[in-house]
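**Q** Mind having a look at this structure? Questions to follow.
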Amino acid sequence: MPKKLSKTKYIFILGSIMSGLGKGILSSSIGKILQSCDFSICPIKFDGYLNVDCGTMNPLRHGEVFVLEDGTECDMDLGTYERFLNISLNSQNSITGGKLFKKIIEKERAGGYLGKDVQFVPHLTNEIKSWIKKAAEDFSADFCLVEVGGTVGDLENGYFIEAARQLAQEQKGDVLFIQLTYIPFLSSGEAKTKPTQHSNRLITSLGVHPEIIICRTEEKLNKEAKEKISLYCNVEPDCIFEDPKLEYLYELPLVLEKQGFSSILLKKFNLEPVQPKLDNWKKILDRLANPTQTVDVAITGKYTAVVDAYASIKEALVHASAKLGIKTKVDFVDTEGLENNKDPNQLLQKYNGIIVPGGFGSRGVEGKIKSIEWARINSIPFLGLCFGMQLMVIEYARNVAGLKNANSTEVDPNTPHPVVDLLPSQKKITQKGGTMRLGSWECILKKGTKAALAYSKERVFERHRHRYEVNNAYTEILEKAGLIFSGTSADGTIMEMAEWPTGWGVATQAHAEFTSRLEQPSALFVAFLEECLKNKKAKS
Ligand code: GLN
């Protein structure tokens, strides 16, 4: 989208009171509204932690590690931005404390600050401001949306908010702050605004004044509560918006716009109101709200508290469901029991399709393999993603090709049949951060395969994050046993996709879920759900 405004406008979204209020969804929704007013957007997420990126974090604790086209391993919010805005982001869109300090220290060692003592202000704050401005420029952005991770008052983001304050000072009229807050309700039904007042005071003590307040609420906010927030937080009542509980997060742009969000926001920048074009977005949501059919899908593995660890898969299923006008009920099914010879039918028979997602290490592997075997034998649609493809190959090697105890060397270094092994490029790597095979890679599909049919293309790009691959010493044996390698890397050396000769079992070494967007669902997920629908029909 071409840039319309002569100067980029900056919006900082600040969290208050507590985390987990959906700042990423809010930032994405504001971006979507502005995008549908024909403005170009550059979203940025700041995370205060000292990790350079998310790659070494535990997804069960921190949420999914999202991967961008250029291989950046980042916070799952970047995935939300891409899913809403239908644009591809890069490392510039993800600032972390680790990246900033690394840059400053490297510059200092190189003599970049000779003679000076390097300080948070101005050196670090200048670095932040120039990063944000450069990203906005590279994206030709009318609006640069900067989500500040954590909550105001955290030690980790204080210097970042200081940089934002300086930017607002230097570019008066071009910078706006939005506070996201939470309004608790007493059992009497009374809304309590005091936490919002206190946290607003904390924000203003840092020298910034939020001009718009977004209230996460479980109930409807009445006029009185809004007036109170307005009075104590120095914000006009029409600049206070509700962010209620929603079934689909994609509803938020519509919900905000119903409250007149874009005209208020644009007015703050002295811009004329524009009618956002959200009709197509609304149509997609209408299809989600009025499904014609329902399918049940199991994501199998060994789970504790996981929903956030597989956010992109869940969302990719929502996107594909919206396209097909169906509802997909997703269960995370703990297949650990299958390791003790429990009857898979008992656990899995209600499902119309099985997904085995990405993963690392040996935890829960045998249960996942059993669920793949069950799907293959019973002709249940199966979609394998990354580790899911490696386990599909292991299952086929053991149970069809007769390679007893076949495994991945990641799971069993002493396996007699290492059908999955380290990528040659990984063999000398000792550093853990940012060293997997990452980012977007081309895959050439074999004509006539289910994969080629699903994509309706012969060349596709998908994002990767792995160290292991199908061992080429075994591809011939596996092919002879019937397994089809339906996609390879452009140079033909890496098996990128595999499928069963009968039934619909398709797997990819990539994470097809990362490129799925509401307005452009992943072809592979759509094809998988179409097969689930067929399974449902055959069952009934
Ligand atoms: N553990 C496997 C590998 O490193 C799969 C990784 C994944 O599923 N992202 O190759």
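Within each chain, counting starts at residue 1; across the structure tokens, chains are named A, B, ... in the order shown, with ligands numbered 1 upward in that order.
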Please identify every polymer residue within 8 Å of ligand 1, using only C-alpha atoms and all ligand atoms, and present the set as a VMD selection string.
**A** chain A and resid 357 to 361 385 to 388 390 410 422 436 464 to 469 509 to 511
**Q** Tell me which protein, DNA and RNA residues are within 9 Å of A:Asn234, counting only C-alpha atoms, leaving out same-chain ones fewer than 4 positions away, and put them as a list in words.
**A**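 Everything that qualifies: His209, Pro210, Glu211, Ile229 and Ser230 of chain A.
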**Q** Got a sec: who's within 9 Å of stretch 114-122 of chain A, counting only C-alpha atoms, leaving out chain neighbours fewer than 2 positions off, as an MDAnalysis selection string?
**A** chainID A and resid 104 108 110:112 124:127 159 162:163
**Q** Counting only C-alpha atoms, which residue out of A:Lys267, A:Lys323, A:Arg363, A:Arg517 sits closest to A:Gly79?
**A**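 Ranked by minimum distance to A:Gly79, first place goes to A:Arg517.
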**Q** Determine, counting only C-alpha atoms, which protein, DNA and RNA residues have an atom within 12 Å of an atom of A:Thr449; residues of the same chain fewer than 6 positions away are not included. Present the result as a list in words.
**A** Tyr455, Ser456, Lys457, Glu458, Leu483, Ile484, Phe485, Ser486, Gly487, Met497, Ala498, Glu499, Trp500, Pro501, Thr502, Trp504, Gly505, Val506 and Ala507 of chain A
**Q** What parts of stretch 283-340 of chain A does DSSP call strand (DSSP E or B)? I'd like the answer as JSON, numbers by chain.
**A** {"A": [293, 294, 295, 296, 297, 298, 299, 300, 301, 326, 327, 328, 329, 330, 331, 332, 333, 334]}
**Q** Pull N, CA and C atoms from the residues just selected and write them as a CSV table (one decimal), in the first residue's frame.
**A**
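again.csv, freshly written:
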chain,number,residue,atom,x,y,z
A,293,GLN,N,-21.4,-26.6,8.9
A,293,GLN,CA,-21.0,-27.9,9.4
A,293,GLN,C,-19.9,-27.8,10.5
A,294,THR,N,-19.8,-28.9,11.3
A,294,THR,CA,-18.7,-28.9,12.3
A,294,THR,C,-17.8,-30.1,12.1
A,295,VAL,N,-16.6,-29.9,12.3
A,295,VAL,CA,-15.7,-31.1,12.3
A,295,VAL,C,-14.8,-31.1,13.6
A,296,ASP,N,-14.4,-32.3,14.0
A,296,ASP,CA,-13.6,-32.4,15.2
A,296,ASP,C,-12.2,-32.8,14.8
A,297,VAL,N,-11.2,-32.0,15.3
A,297,VAL,CA,-9.8,-32.2,15.0
A,297,VAL,C,-9.1,-32.4,16.3
A,298,ALA,N,-8.2,-33.4,16.3
A,298,ALA,CA,-7.3,-33.6,17.5
A,298,ALA,C,-5.9,-33.2,17.1
A,299,ILE,N,-5.3,-32.4,18.0
A,299,ILE,CA,-3.9,-32.1,17.9
A,299,ILE,C,-3.2,-33.0,19.0
A,300,THR,N,-2.5,-34.0,18.5
A,300,THR,CA,-2.1,-35.0,19.5
A,300,THR,C,-0.7,-34.8,20.0
A,301,GLY,N,-0.5,-35.1,21.3
A,301,GLY,CA,0.9,-34.9,21.9
A,301,GLY,C,0.8,-35.1,23.4
A,326,ILE,N,-17.2,-23.4,7.9
A,326,ILE,CA,-17.5,-24.5,8.9
A,326,ILE,C,-16.9,-24.1,10.3
A,327,LYS,N,-17.2,-24.9,11.3
A,327,LYS,CA,-16.6,-24.7,12.6
A,327,LYS,C,-15.7,-25.9,12.9
A,328,THR,N,-14.5,-25.6,13.3
A,328,THR,CA,-13.6,-26.7,13.6
A,328,THR,C,-13.4,-26.7,15.1
A,329,LYS,N,-13.8,-27.8,15.7
A,329,LYS,CA,-13.6,-28.0,17.2
A,329,LYS,C,-12.3,-28.6,17.4
A,330,VAL,N,-11.4,-28.0,18.1
A,330,VAL,CA,-10.0,-28.5,18.3
A,330,VAL,C,-9.8,-29.0,19.7
A,331,ASP,N,-9.3,-30.2,19.8
A,331,ASP,CA,-8.9,-30.7,21.2
A,331,ASP,C,-7.4,-31.0,21.2
A,332,PHE,N,-6.8,-30.6,22.2
A,332,PHE,CA,-5.4,-31.0,22.4
A,332,PHE,C,-5.5,-32.4,23.1
A,333,VAL,N,-5.2,-33.4,22.4
A,333,VAL,CA,-5.4,-34.8,23.0
A,333,VAL,C,-4.1,-35.3,23.5
A,334,ASP,N,-4.0,-35.6,24.8
A,334,ASP,CA,-2.8,-36.2,25.4
A,334,ASP,C,-2.7,-37.7,25.0
**Q** Record the distance separating atom CA of A:Asn86 and atom CA of A:Pro43, expressed in Å with one decimal.
**A** 11.9 Å
**Q** Considering only C-alpha atoms, state which residue in the set A:Ile44, A:Phe261, A:His123, A:Ile17 is at the smallest distance from A:Asn90.
**A**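 Nearest to A:Asn90: A:Ile44.
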**Q** Counting only C-alpha atoms, figure out which residue out of A:Gln426, A:Thr151, A:Gln166, A:Ser130 gets nearest to A:Gly22.
**A**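 Checking each candidate against A:Gly22, we get A:Thr151 as the closest.
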**Q** Go ahead and compute the interatomic distance for atom CA of A:Ile477 and atom CA of A:Lys427, in Å to one decimal.
**A**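 Answer for the atom CA of A:Ile477 to atom CA of A:Lys427 separation: 24.0 Å.
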**Q** From the list A:Ile372, A:Ala490, A:Val67, A:Ile380, which residue is nearest A:Lys539 when using only C-alpha atoms?
**A**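 The answer is A:Ile380, which sits nearest to A:Lys539.
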**Q** What separation in Å, quoted to one decimal, exists between atom CA of A:Trp281 and atom CA of A:Leu246?
**A**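 Rounded to one decimal, the two atoms are 15.6 Å apart.
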**Q** Pick out the residues sitting within 8 Å of A:Gly15, and hand them over as a PyMOL selection string; count only C-alpha atoms, and ignore anything fewer than 2 positions along from it in its own chain.
**A** chain A and resi 13+17-19+21+23+148-152+179-181
**Q** Output all heavy atoms of each residue in that selection to a file, as a short mmCIF file (atom, residue, chain, number, x, y, z; two decimals), in the first residue's frame.
**A**
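Dumped everything to again27.cif:
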data_model
loop_
_atom_site.label_atom_id
_atom_site.label_comp_id
_atom_site.auth_asym_id
_atom_site.auth_seq_id
_atom_site.Cartn_x
_atom_site.Cartn_y
_atom_site.Cartn_z
N ILE A 13 1.29 1.60 22.18
CA ILE A 13 0.24 0.91 22.93
C ILE A 13 0.87 0.37 24.22
O ILE A 13 1.78 -0.45 24.18
CB ILE A 13 -0.39 -0.21 22.08
CG1 ILE A 13 -1.17 0.46 20.94
CG2 ILE A 13 -1.36 -1.07 22.88
CD1 ILE A 13 -0.79 0.07 19.59
N ILE A 17 -1.89 -2.27 34.63
CA ILE A 17 -2.49 -3.13 35.65
C ILE A 17 -1.94 -4.54 35.60
O ILE A 17 -1.40 -5.03 36.58
CB ILE A 17 -4.03 -3.20 35.58
CG1 ILE A 17 -4.62 -1.81 35.68
CG2 ILE A 17 -4.58 -4.11 36.68
CD1 ILE A 17 -6.12 -1.80 35.63
N MET A 18 -2.13 -5.22 34.48
CA MET A 18 -1.67 -6.62 34.44
C MET A 18 -1.40 -7.04 32.99
O MET A 18 -1.85 -6.38 32.05
CB MET A 18 -2.71 -7.53 35.07
CG MET A 18 -4.04 -7.52 34.37
SD MET A 18 -5.28 -8.16 35.47
CE MET A 18 -6.25 -9.14 34.36
N SER A 19 -0.68 -8.14 32.86
CA SER A 19 -0.38 -8.62 31.51
C SER A 19 -1.50 -9.56 31.05
O SER A 19 -2.42 -9.83 31.81
CB SER A 19 0.97 -9.35 31.52
OG SER A 19 0.88 -10.44 32.39
N LEU A 21 -3.71 -9.04 28.67
CA LEU A 21 -4.99 -8.41 28.32
C LEU A 21 -5.23 -8.39 26.81
O LEU A 21 -6.29 -7.96 26.36
CB LEU A 21 -5.03 -6.96 28.86
CG LEU A 21 -5.07 -6.82 30.38
CD1 LEU A 21 -5.13 -5.34 30.76
CD2 LEU A 21 -6.27 -7.54 30.97
N LYS A 23 -2.77 -7.13 24.31
CA LYS A 23 -2.22 -5.93 23.66
C LYS A 23 -1.91 -6.20 22.20
O LYS A 23 -2.06 -5.33 21.35
CB LYS A 23 -0.91 -5.55 24.37
CG LYS A 23 -1.02 -4.24 25.10
CD LYS A 23 0.32 -3.85 25.68
CE LYS A 23 0.80 -4.81 26.70
NZ LYS A 23 2.10 -5.28 26.69
N VAL A 148 4.30 -1.94 23.37
CA VAL A 148 5.33 -2.04 24.40
C VAL A 148 4.99 -3.24 25.29
O VAL A 148 3.99 -3.23 26.01
CB VAL A 148 5.41 -0.74 25.24
CG1 VAL A 148 6.54 -0.83 26.26
CG2 VAL A 148 5.63 0.46 24.32
N GLY A 149 5.83 -4.26 25.21
CA GLY A 149 5.56 -5.48 25.97
C GLY A 149 5.61 -5.25 27.48
O GLY A 149 6.23 -4.30 27.96
N GLY A 150 4.94 -6.11 28.21
CA GLY A 150 4.90 -5.99 29.68
C GLY A 150 3.91 -4.91 30.09
O GLY A 150 3.10 -4.45 29.28
N THR A 151 3.98 -4.53 31.35
CA THR A 151 3.07 -3.48 31.82
C THR A 151 3.88 -2.28 32.29
O THR A 151 5.04 -2.43 32.66
CB THR A 151 2.19 -4.00 32.99
OG1 THR A 151 3.00 -4.82 33.82
CG2 THR A 151 1.03 -4.80 32.52
N VAL A 152 3.24 -1.11 32.24
CA VAL A 152 3.94 0.09 32.67
C VAL A 152 4.33 -0.08 34.14
O VAL A 152 3.53 -0.55 34.95
CB VAL A 152 3.05 1.33 32.48
CG1 VAL A 152 3.73 2.57 33.06
CG2 VAL A 152 2.76 1.52 31.01
N GLN A 179 -3.59 3.60 26.21
CA GLN A 179 -3.47 2.75 27.40
C GLN A 179 -4.50 1.62 27.32
O GLN A 179 -5.69 1.87 27.14
CB GLN A 179 -3.71 3.57 28.68
CG GLN A 179 -3.69 2.73 29.95
CD GLN A 179 -4.05 3.51 31.22
OE1 GLN A 179 -4.27 4.74 31.16
NE2 GLN A 179 -4.13 2.82 32.33
N LEU A 180 -4.02 0.40 27.46
CA LEU A 180 -4.94 -0.73 27.59
C LEU A 180 -5.05 -1.06 29.07
O LEU A 180 -4.04 -1.19 29.76
CB LEU A 180 -4.42 -1.95 26.81
CG LEU A 180 -5.24 -3.24 26.95
CD1 LEU A 180 -6.65 -3.08 26.39
CD2 LEU A 180 -4.55 -4.40 26.23
N THR A 181 -6.29 -1.16 29.54
CA THR A 181 -6.49 -1.39 30.97
C THR A 181 -7.54 -2.48 31.18
O THR A 181 -8.16 -2.95 30.23
CB THR A 181 -6.91 -0.07 31.65
OG1 THR A 181 -6.98 -0.28 33.06
CG2 THR A 181 -8.27 0.41 31.17
#
**Q** Nearest to A:Cys37 among A:Lys277, A:Lys228, A:Arg201, A:Lys192, with distances taken over only C-alpha atoms: which residue is it?
**A**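 Under the stated criterion, the closest residue is A:Lys277.
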**Q** Given only C-alpha atoms as the basis, pick out the residue of A:Thr80, A:Thr292, A:Ser362, A:Ser440 nearest to A:Ala322.
**A**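 Ranked by minimum distance to A:Ala322, first place goes to A:Thr292.
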**Q** Return as number ranges by chain the full set of residues in stretch 198-346 of chain A whose backbone-based DSSP assignment is helix (DSSP H, G or I).
**A** A: 198-205, 223-233, 237-239, 249-258, 261-268, 279-289, 307-324, 336-340, 344-346
